Every structure is written in C-alpha cells, then in structure tokens.
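Have a look at query39.txt; it's compact mmCIF, C-alpha atoms:
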# COMPACT_ATOMS: atom_id res chain seq x y z
CA MET A 1 -8.81 -7.59 -5.88
CA SER A 2 -7.77 -11.04 -4.75
CA THR A 3 -9.98 -13.13 -2.54
CA ILE A 4 -7.51 -14.71 -0.17
CA THR A 5 -8.71 -15.90 3.19
CA LEU A 6 -6.56 -14.35 5.87
CA LYS A 7 -5.20 -17.05 8.15
CA THR A 8 -3.97 -16.15 11.60
CA MET A 9 -2.54 -18.08 14.51
CA LYS A 10 -2.46 -17.53 18.24
CA ARG A 11 0.87 -16.04 19.17
CA ALA A 12 2.46 -15.06 22.43
CA THR A 13 2.32 -11.31 22.01
CA THR A 14 3.07 -8.40 24.29
CA VAL A 15 0.06 -6.31 23.23
CA PRO A 16 -3.58 -7.45 22.87
CA ARG A 17 -4.91 -7.86 19.36
CA SER A 18 -7.67 -5.32 20.05
CA LYS A 19 -5.07 -2.61 20.63
CA ILE A 20 -3.19 -3.52 17.46
CA ARG A 21 -6.45 -3.49 15.51
CA LYS A 22 -7.29 0.01 16.74
CA ALA A 23 -3.78 1.21 15.93
CA VAL A 24 -4.03 -0.15 12.40
CA GLU A 25 -7.53 1.17 11.80
CA ALA A 26 -6.51 4.66 12.93
CA ALA A 27 -3.44 4.64 10.69
CA TYR A 28 -5.32 3.37 7.62
CA ALA A 29 -8.11 5.92 8.14
CA LYS A 30 -5.77 8.73 7.13
CA PRO A 31 -5.18 9.56 3.48
CA LEU A 32 -1.93 8.08 2.24
CA SER A 33 -0.67 11.52 1.30
CA ALA A 34 -0.74 12.50 4.98
CA VAL A 35 1.55 9.75 6.23
CA LYS A 36 5.23 10.05 7.08
CA ALA A 37 8.11 8.51 5.18
CA PRO A 38 8.36 4.71 5.22
CA ALA A 39 10.26 3.21 8.11
CA VAL A 40 12.05 0.01 8.90
CA VAL A 41 11.29 -1.48 12.28
CA LYS A 42 13.70 -3.60 14.23
CA ILE A 43 12.07 -7.00 14.74
CA THR A 44 13.37 -8.77 17.79
CA LYS A 45 13.19 -12.22 19.30
CA ASN A 46 10.33 -12.91 21.67
CA THR A 47 11.52 -13.44 25.19
CA SER A 48 9.38 -15.20 27.74
CA ARG A 49 10.16 -12.65 30.44
CA LYS A 50 8.59 -9.82 28.51
CA THR A 51 5.59 -11.48 26.92
CA ASN A 52 2.14 -12.59 27.82
CA THR A 53 0.02 -14.94 25.81
CA VAL A 54 -2.89 -12.99 24.43
CA LYS A 55 -5.78 -14.91 22.97
CA ASP A 56 -7.71 -13.41 20.09
CA MET B 1 -12.99 -14.32 8.08
CA ALA B 2 -9.87 -15.78 9.67
CA LEU B 3 -9.16 -19.50 9.69
CA ASN B 4 -6.73 -21.55 11.70
CA PRO B 5 -3.74 -22.49 9.55
CA GLY B 6 -2.52 -26.03 8.96
CA TYR B 7 0.47 -27.85 7.43
CA ASN B 8 -0.30 -26.53 3.94
CA ASP B 9 -0.50 -22.92 5.18
CA HIS B 10 2.61 -22.64 7.34
CA VAL B 11 5.75 -21.11 5.83
CA PHE B 12 8.91 -21.62 7.85
CA ILE B 13 11.14 -18.54 7.78
CA ASN B 14 14.85 -19.31 8.00
CA CYS B 15 16.71 -16.04 7.71
CA PRO B 16 18.88 -13.61 9.70
CA PHE B 17 17.05 -11.69 12.42
CA ASP B 18 19.27 -8.65 12.63
CA GLU B 19 18.96 -4.96 11.92
CA ASP B 20 20.61 -5.16 8.53
CA TYR B 21 18.13 -7.79 7.37
CA ALA B 22 15.03 -6.06 8.82
CA PRO B 23 13.74 -4.52 5.54
CA LEU B 24 13.82 -7.95 3.91
CA LEU B 25 12.22 -9.71 6.89
CA GLN B 26 9.39 -7.16 6.88
CA ALA B 27 8.79 -7.87 3.20
CA ILE B 28 8.86 -11.65 3.75
CA VAL B 29 6.31 -11.57 6.58
CA PHE B 30 3.99 -9.23 4.70
CA THR B 31 4.12 -11.21 1.46
CA VAL B 32 3.55 -14.59 3.09
CA TYR B 33 0.46 -13.30 4.91
CA ARG B 34 -0.86 -11.40 1.89
CA CYS B 35 -0.65 -14.55 -0.21
CA GLY B 36 -2.88 -16.35 2.31
CA PHE B 37 -0.18 -18.23 4.24
CA VAL B 38 1.21 -17.91 7.76
CA PRO B 39 4.89 -17.24 8.54
CA VAL B 40 6.46 -19.13 11.43
CA SER B 41 9.91 -19.25 12.92
CA ALA B 42 11.65 -20.92 15.80
CA LEU B 43 11.66 -17.50 17.44
CA ILE B 44 7.92 -17.54 18.10
CA GLU B 45 8.17 -20.18 20.82
CA GLU B 46 8.06 -19.04 24.42
CA ASP B 47 8.86 -22.25 26.27
CA SER B 48 12.40 -21.88 27.61
CA SER B 49 12.45 -25.52 28.73
CA TYR B 50 12.34 -26.59 25.08
CA ASN B 51 15.74 -26.28 23.44
CA ARG B 52 16.26 -24.25 20.31
CA LEU B 53 17.00 -27.16 18.00
CA ASP B 54 13.87 -29.01 19.16
CA LYS B 55 11.81 -25.90 18.39
CA ILE B 56 13.31 -25.64 14.92
CA ILE B 57 12.70 -29.30 14.13
CA SER B 58 9.18 -29.11 15.49
CA TRP B 59 8.29 -26.13 13.29
CA ILE B 60 9.96 -27.52 10.20
CA LYS B 61 7.85 -30.65 10.65
CA LYS B 62 4.67 -28.51 10.77
CA CYS B 63 5.45 -26.53 7.60
CA ARG B 64 4.98 -27.63 4.02
CA TYR B 65 6.72 -24.49 2.79
CA ALA B 66 9.96 -22.81 3.81
CA ILE B 67 11.91 -19.74 2.82
CA HIS B 68 15.64 -20.09 3.42
CA ASP B 69 17.98 -17.16 3.01
CA ILE B 70 21.58 -18.29 2.90
CA SER B 71 22.94 -14.88 1.92
CA ARG B 72 24.47 -14.05 5.31
CA ILE B 73 27.99 -15.29 4.76
CA GLU B 74 29.94 -12.41 6.25
CA THR B 75 31.77 -12.95 9.50
CA GLY B 76 30.25 -11.34 12.58
CA LYS B 77 31.79 -8.99 15.12
CA LYS B 78 33.81 -11.83 16.61
CA GLY B 79 35.12 -12.97 13.26
CA TYR B 80 32.92 -16.03 12.72
CA PRO B 81 30.24 -16.63 10.08
CA ARG B 82 26.69 -17.71 11.00
CA PHE B 83 25.94 -21.32 10.08
CA ASN B 84 22.37 -21.48 11.41
CA MET B 85 20.65 -20.81 8.10
CA PRO B 86 22.48 -23.49 6.06
CA PHE B 87 22.04 -25.90 8.98
CA GLU B 88 18.26 -25.35 9.11
CA LEU B 89 18.10 -25.69 5.33
CA GLY B 90 19.82 -29.05 5.75
CA ILE B 91 17.21 -30.16 8.30
CA PHE B 92 14.46 -29.17 5.84
CA PHE B 93 16.13 -31.14 3.04
CA GLY B 94 16.51 -34.12 5.37
CA ALA B 95 12.84 -34.05 6.35
CA LYS B 96 11.83 -33.92 2.70
CA ARG B 97 14.20 -36.72 1.71
CA PHE B 98 13.72 -39.13 4.59
CA GLY B 99 10.29 -38.21 5.99
CA ASN B 100 6.86 -39.72 5.36
CA ASP B 101 4.66 -38.80 2.40
CA ARG B 102 3.51 -35.61 4.09
CA GLN B 103 7.10 -34.50 4.69
CA LYS B 104 8.08 -35.42 1.14
CA SER B 105 5.58 -32.82 -0.12
CA LYS B 106 7.72 -30.01 1.30
CA VAL B 107 8.70 -27.17 -1.00
CA ALA B 108 11.50 -24.66 -0.40
CA LEU B 109 12.46 -21.28 -1.76
CA ILE B 110 16.15 -20.50 -1.30
CA PHE B 111 17.48 -16.98 -1.54
CA GLU B 112 21.04 -15.80 -1.95
CA ARG B 113 22.21 -12.22 -2.28
CA ASP B 114 24.01 -12.24 -5.64
CA LYS B 115 23.30 -14.68 -8.45
CA PHE B 116 25.43 -17.85 -8.24
CA SER B 117 27.39 -16.62 -5.23
CA TYR B 118 26.26 -19.74 -3.32
CA GLN B 119 28.51 -21.84 -5.56
CA GLN B 120 31.48 -20.32 -3.76
CA TYR B 121 30.39 -21.41 -0.27
CA ILE B 122 27.85 -24.24 -0.56
CA SER B 123 28.49 -26.03 -3.83
CA ASP B 124 26.42 -29.04 -2.73
CA LEU B 125 23.43 -26.97 -3.86
CA ASN B 126 24.60 -26.90 -7.48
CA GLY B 127 21.59 -27.79 -9.62
CA VAL B 128 19.11 -26.38 -7.11
CA ASP B 129 17.19 -23.31 -8.29
CA ILE B 130 18.30 -20.49 -6.00
CA LYS B 131 17.00 -16.95 -6.33
CA ALA B 132 19.10 -13.81 -5.84
CA HIS B 133 17.40 -10.96 -4.00
CA ASN B 134 20.20 -8.36 -4.21
CA LYS B 135 19.03 -7.11 -0.78
CA ASN B 136 15.98 -5.64 -2.51
CA PRO B 137 12.61 -6.09 -0.69
CA LEU B 138 10.68 -5.81 -3.96
CA GLN B 139 12.65 -8.71 -5.44
CA ILE B 140 11.88 -10.68 -2.28
CA ILE B 141 8.16 -9.92 -2.66
CA ARG B 142 8.06 -10.98 -6.30
CA GLY B 143 10.18 -14.07 -5.66
CA ILE B 144 7.98 -15.30 -2.81
CA ARG B 145 4.75 -14.46 -4.61
CA ASN B 146 5.75 -16.34 -7.78
CA TRP B 147 7.06 -19.31 -5.81
CA LEU B 148 3.93 -19.65 -3.63
CA ARG B 149 1.67 -19.30 -6.67
CA SER B 150 3.57 -21.99 -8.52
CA ALA B 151 4.12 -24.37 -5.59
CA SER B 152 0.62 -24.13 -4.09
CA ARG B 153 -1.33 -23.57 -7.33
CA ARG B 154 -3.64 -21.29 -5.37
CA THR B 155 -5.39 -18.96 -7.78
CA THR B 156 -6.29 -16.50 -5.01
CA ILE B 157 -2.72 -15.21 -4.68
CA PRO B 158 -2.69 -11.60 -5.89
CA GLY B 159 -0.46 -10.32 -8.66
CA ASP B 160 2.91 -8.80 -7.89
CA ILE B 161 1.82 -5.23 -8.66
CA ILE B 162 -0.94 -5.43 -6.05
CA LEU B 163 1.47 -6.91 -3.52
CA VAL B 164 4.14 -4.30 -4.08
CA ASN B 165 1.67 -1.41 -3.91
CA GLU B 166 0.08 -2.70 -0.71
CA TYR B 167 3.49 -3.35 0.84
CA GLN B 168 4.64 0.17 0.08
CA GLU B 169 1.47 1.55 1.64
CA PHE B 170 1.99 -0.68 4.68
CA ILE B 171 5.55 0.50 5.34
CA ALA B 172 4.45 4.11 4.84
CA ARG B 173 1.79 3.67 7.52
CA LEU B 174 3.96 1.52 9.77
CA PRO B 175 5.51 4.32 11.89
CA GLU B 176 2.06 5.50 12.93
CA ILE B 177 0.78 1.98 13.59
CA VAL B 178 3.82 1.28 15.74
CA ALA B 179 3.38 4.54 17.66
CA ASN B 180 -0.37 3.99 18.10
CA ALA B 181 0.27 0.51 19.50
CA GLY B 182 2.87 1.80 21.95
CA PHE B 183 5.95 0.14 20.48
CA SER B 184 9.39 1.56 19.87
CA ILE B 185 10.29 1.35 16.22
CA SER B 186 13.68 0.02 17.24
CA SER B 187 12.27 -3.02 19.02
CA ILE B 188 9.17 -4.98 18.08
CA PRO B 189 8.92 -8.66 19.02
CA PHE B 190 8.42 -10.95 16.03
CA ASN B 191 5.00 -12.13 17.20
CA ASP B 192 3.75 -8.58 17.64
CA PHE B 193 5.02 -7.61 14.22
CA CYS B 194 3.16 -10.58 12.74
CA GLN B 195 -0.01 -9.44 14.47
CA ILE B 196 0.42 -5.93 13.05
CA VAL B 197 0.76 -7.37 9.56
CA GLU B 198 -2.31 -9.57 10.06
CA GLU B 199 -4.41 -6.59 11.09
CA ALA B 200 -3.06 -4.35 8.33
CA ILE B 201 -3.97 -6.93 5.69
CA ARG B 202 -7.37 -7.50 7.31
CA GLU B 203 -7.96 -3.76 7.15
CA LYS B 204 -6.89 -3.59 3.51
CA ILE B 205 -8.81 -6.56 2.14
CA LYS B 206 -12.05 -5.63 3.90
CA LYS B 207 -12.22 -2.44 1.82

Could you take the file, read its structure, and then write that structure out as structure tokens?
Amino acid sequence: MSTITLKTMKRATTVPRSKIRKAVEAAYAKPLSAVKAPAVVKITKNTSRKTNTVKD
Amino acid sequence: MALNPGYNDHVFINCPFDEDYAPLLQAIVFTVYRCGFVPVSALIEEDSSYNRLDKIISWIKKCRYAIHDISRIETGKKGYPRFNMPFELGIFFGAKRFGNDRQKSKVALIFERDKFSYQQYISDLNGVDIKAHNKNPLQIIRGIRNWLRSASRRTTIPGDIILVNEYQEFIARLPEIVANAGFSISSIPFNDFCQIVEEAIREKIKK
C-alpha cells in the first residue's frame, strides 16, 4: 500500500465535512458485494447563492 | 494526516464540465487526490466580483501541474465549438514560457480523444506529447498516474492497478455516499465532490 499524505484544501462547500465523512464511513463499512451498480454523478459549478463556506 | 497544499501540490484541471464528460472528470479528481495532489479549477471560486479570466489566471499561477483536455471539439447546441480549453492551455504555456523561475517549472499533461486528432484542429502543438484517452476513465487514470509519477518523481504514488481498483470501488460506493450526504446524483457542486473524494481516500488509506 502506498504511503501518500492526503492533502486537502478549504473549499466553499454546501455540506459540512463532518456530514460527508459520516456518509463515506457508512458506505465503506458495507461489504463491496452489497453495493449497487457504479454510478456517474453530475458535477456542477459552484454558485455563490447556494453555497456556504465550511471550515474543516 | 492532512497537510495544506502548495504550488507543487496543486493540479489545475482544464476540461469540459458537462454531463458527457462527467465519468472522465470523476476519474481525474480521484486520481489526482489519490496520487497525493490537489485538483483545482476556476470553478471553485465563489467571489462573483472577480471575473472568470482573473480566476483562471490566478489559479494557473498557483499550480505547478495542469491537466488540459482539448478533446471537446464538437459544436454545441447553438452550432459553435468551445474554445475555453485551448485558450486556458495557451495561458498555461505563456506562464511557463514568460514567467519567473517558479512558473518555468510548470508541467502539463494534455489529453485528446483520439490519437493525433489534435493535428487537425491545433497543429501548433505538433511535437508536443499529447495523450489520447478514447473517452475511457481507466486510460485517464493510468495517463495521469504515469505523468505525475514521472513529472514529480514522488515515489509514494501508487501503481496503476491499485488506483484502478480503488477507483472502481469508489464509483461503486458513490451512489450510497451521495444519498447519505443528501445530494442528488444529478447535481453535485465541484467542491462538494472534491470533499467526497478526499474523505473516501482518507477512509481507504487509513485501513
């Protein structure tokens, strides 16, 4: 396994990092065989009207 | 442990941001993070008083690395092609050619869709090594991984088999992550998607 250091930056997001972290942890806790088919998400531009700056 | 990124960690992403390109953009963001770098784009800025070109120039200046995809040559719904990607590639080349020593250290990876197709629409790039991705996310992953390994000489960058396997696991788990976080799969802001990728990689490498 590689030993990269994960680098992150503060971004203006619409959801707090803590919520994303919980969402990821819950998804990765399941066995891979139990997950649905892969999906493509539609990534959109950030718009200032919809976003709040969330600090980690 | 997470560290704040600097000039040598930022990778400027210059590519289409539309539905058709989404599978490739997902692969780009994941691979850049998983190799220990940070993807940035002019789209991450929130300050509406700062014009788009200023944002682009500002981010290009802050990035040693850049991924440019000049494959989108089709005309759009109104019958015109998009020139933004070749234009931003030109700014990057200009910074590297005319900038200070720091700017001269810039390194670019240029993608096209089909091998040598660029010669038909941007022949000034003849002699530049351009990679074809054939609209295949796995080719994108391998191309970026090999380029970052070679350009940065970082020995911590994982092999392509690890990257591909982890990416395939990530996209398999993505629908549930997106649902858990309260997003619609048809609309995730770029910054939020980046944060999802950061946390997914953090989760994976801690195991």

- What's the 10 Å shell around region 23-34 of chain A, counting all atoms listed in the file, without same-chain residues fewer than 4 positions away, as a ChimeraX atom specification? /A:17-19 /B:169-170,172-182,196-204

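With CA of Asn134 (chain B) on one side and CA of Asp114 (chain B) on the other, the separation reads 5.6 Å.
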
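By chain and then residue number, the residues within 9 Å of Ile185 (chain B) are Ala39, Val40, Val41, Lys42 and Ile43 of chain A; Pro175, Val178, Ala179, Phe183, Ser187 and Ile188 of chain B, counting all atoms listed in the file and disregarding those fewer than 2 positions away in sequence.
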
- Message: I'd like the interatomic distance between CA of Asn100 (chain B) and CA of Arg52 (chain B), to a tenth of an Å.
- Response: 23.5 Å

- Message: Rounded to one decimal, what separation in Å do you get between CA of Ala66 (chain B) and CA of Gly90 (chain B)?
- Response: 11.8 Å

- Query: Neighbours of Lys7 (chain A) within 12 Å (all atoms listed in the file; same-chain residues fewer than 4 positions away dropped), as a list of chain:residue names?
  - Reply: B:Met1, B:Ala2, B:Leu3, B:Asn4, B:Pro5, B:Gly6, B:Asn8, B:Asp9, B:His10, B:Val11, B:Val32, B:Tyr33, B:Arg34, B:Cys35, B:Gly36, B:Phe37, B:Val38, B:Pro39, B:Cys194, B:Gln195, B:Val197, B:Glu198, B:Glu199, B:Ile201, B:Arg202

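When all atoms listed in the file are used to measure the gap to Thr31 (chain B), the shortest distance among B:Lys115, B:Arg145, B:Arg153, B:Arg97 belongs to B:Arg145.
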
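You can rank B:Glu112, B:Phe98, B:Lys104, B:Gln26 by their closest distance to chain A using all atoms listed in the file, and at the top of that list sits B:Gln26.
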
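Look at everything within 9 Å of (7.6, -11.1, -4.3) using all atoms listed in the file, and the residues you get are Ala27, Ile28, Thr31, Pro137, Leu138, Gln139, Ile140, Ile141, Arg142, Gly143, Ile144, Arg145, Asn146, Trp147, Asp160, Leu163 and Val164 of chain B.
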
Give me region 10-26 of chain A with N, CA and C atoms filled in, as a CSV table (one decimal), keeping the file's coordinate frame.
chain,number,residue,atom,x,y,z
A,10,LYS,N,-2.7,-18.1,16.9
A,10,LYS,CA,-2.5,-17.5,18.2
A,10,LYS,C,-1.0,-17.4,18.5
A,11,ARG,N,-0.5,-16.3,18.9
A,11,ARG,CA,0.9,-16.0,19.2
A,11,ARG,C,1.0,-15.4,20.5
A,12,ALA,N,2.2,-15.7,21.1
A,12,ALA,CA,2.5,-15.1,22.4
A,12,ALA,C,2.9,-13.6,22.2
A,13,THR,N,2.0,-12.7,22.3
A,13,THR,CA,2.3,-11.3,22.0
A,13,THR,C,2.4,-10.5,23.3
A,14,THR,N,2.9,-9.3,23.1
A,14,THR,CA,3.1,-8.4,24.3
A,14,THR,C,1.9,-7.4,24.4
A,15,VAL,N,1.2,-7.3,23.3
A,15,VAL,CA,0.1,-6.3,23.2
A,15,VAL,C,-1.2,-7.0,22.7
A,16,PRO,N,-2.4,-6.8,23.3
A,16,PRO,CA,-3.6,-7.4,22.9
A,16,PRO,C,-3.9,-7.1,21.4
A,17,ARG,N,-4.5,-8.1,20.8
A,17,ARG,CA,-4.9,-7.9,19.4
A,17,ARG,C,-5.8,-6.6,19.2
A,18,SER,N,-6.7,-6.4,20.2
A,18,SER,CA,-7.7,-5.3,20.0
A,18,SER,C,-6.9,-4.0,20.0
A,19,LYS,N,-5.8,-3.9,20.7
A,19,LYS,CA,-5.1,-2.6,20.6
A,19,LYS,C,-4.4,-2.5,19.3
A,20,ILE,N,-3.8,-3.6,18.8
A,20,ILE,CA,-3.2,-3.5,17.5
A,20,ILE,C,-4.2,-3.1,16.4
A,21,ARG,N,-5.4,-3.8,16.5
A,21,ARG,CA,-6.4,-3.5,15.5
A,21,ARG,C,-6.8,-2.0,15.5
A,22,LYS,N,-7.0,-1.4,16.7
A,22,LYS,CA,-7.3,0.0,16.7
A,22,LYS,C,-6.2,0.9,16.1
A,23,ALA,N,-4.9,0.5,16.4
A,23,ALA,CA,-3.8,1.2,15.9
A,23,ALA,C,-3.7,1.2,14.4
A,24,VAL,N,-4.0,0.0,13.9
A,24,VAL,CA,-4.0,-0.2,12.4
A,24,VAL,C,-5.2,0.6,11.8
A,25,GLU,N,-6.4,0.5,12.4
A,25,GLU,CA,-7.5,1.2,11.8
A,25,GLU,C,-7.3,2.7,11.8
A,26,ALA,N,-6.7,3.2,12.9
A,26,ALA,CA,-6.5,4.7,12.9
A,26,ALA,C,-5.5,5.1,11.9
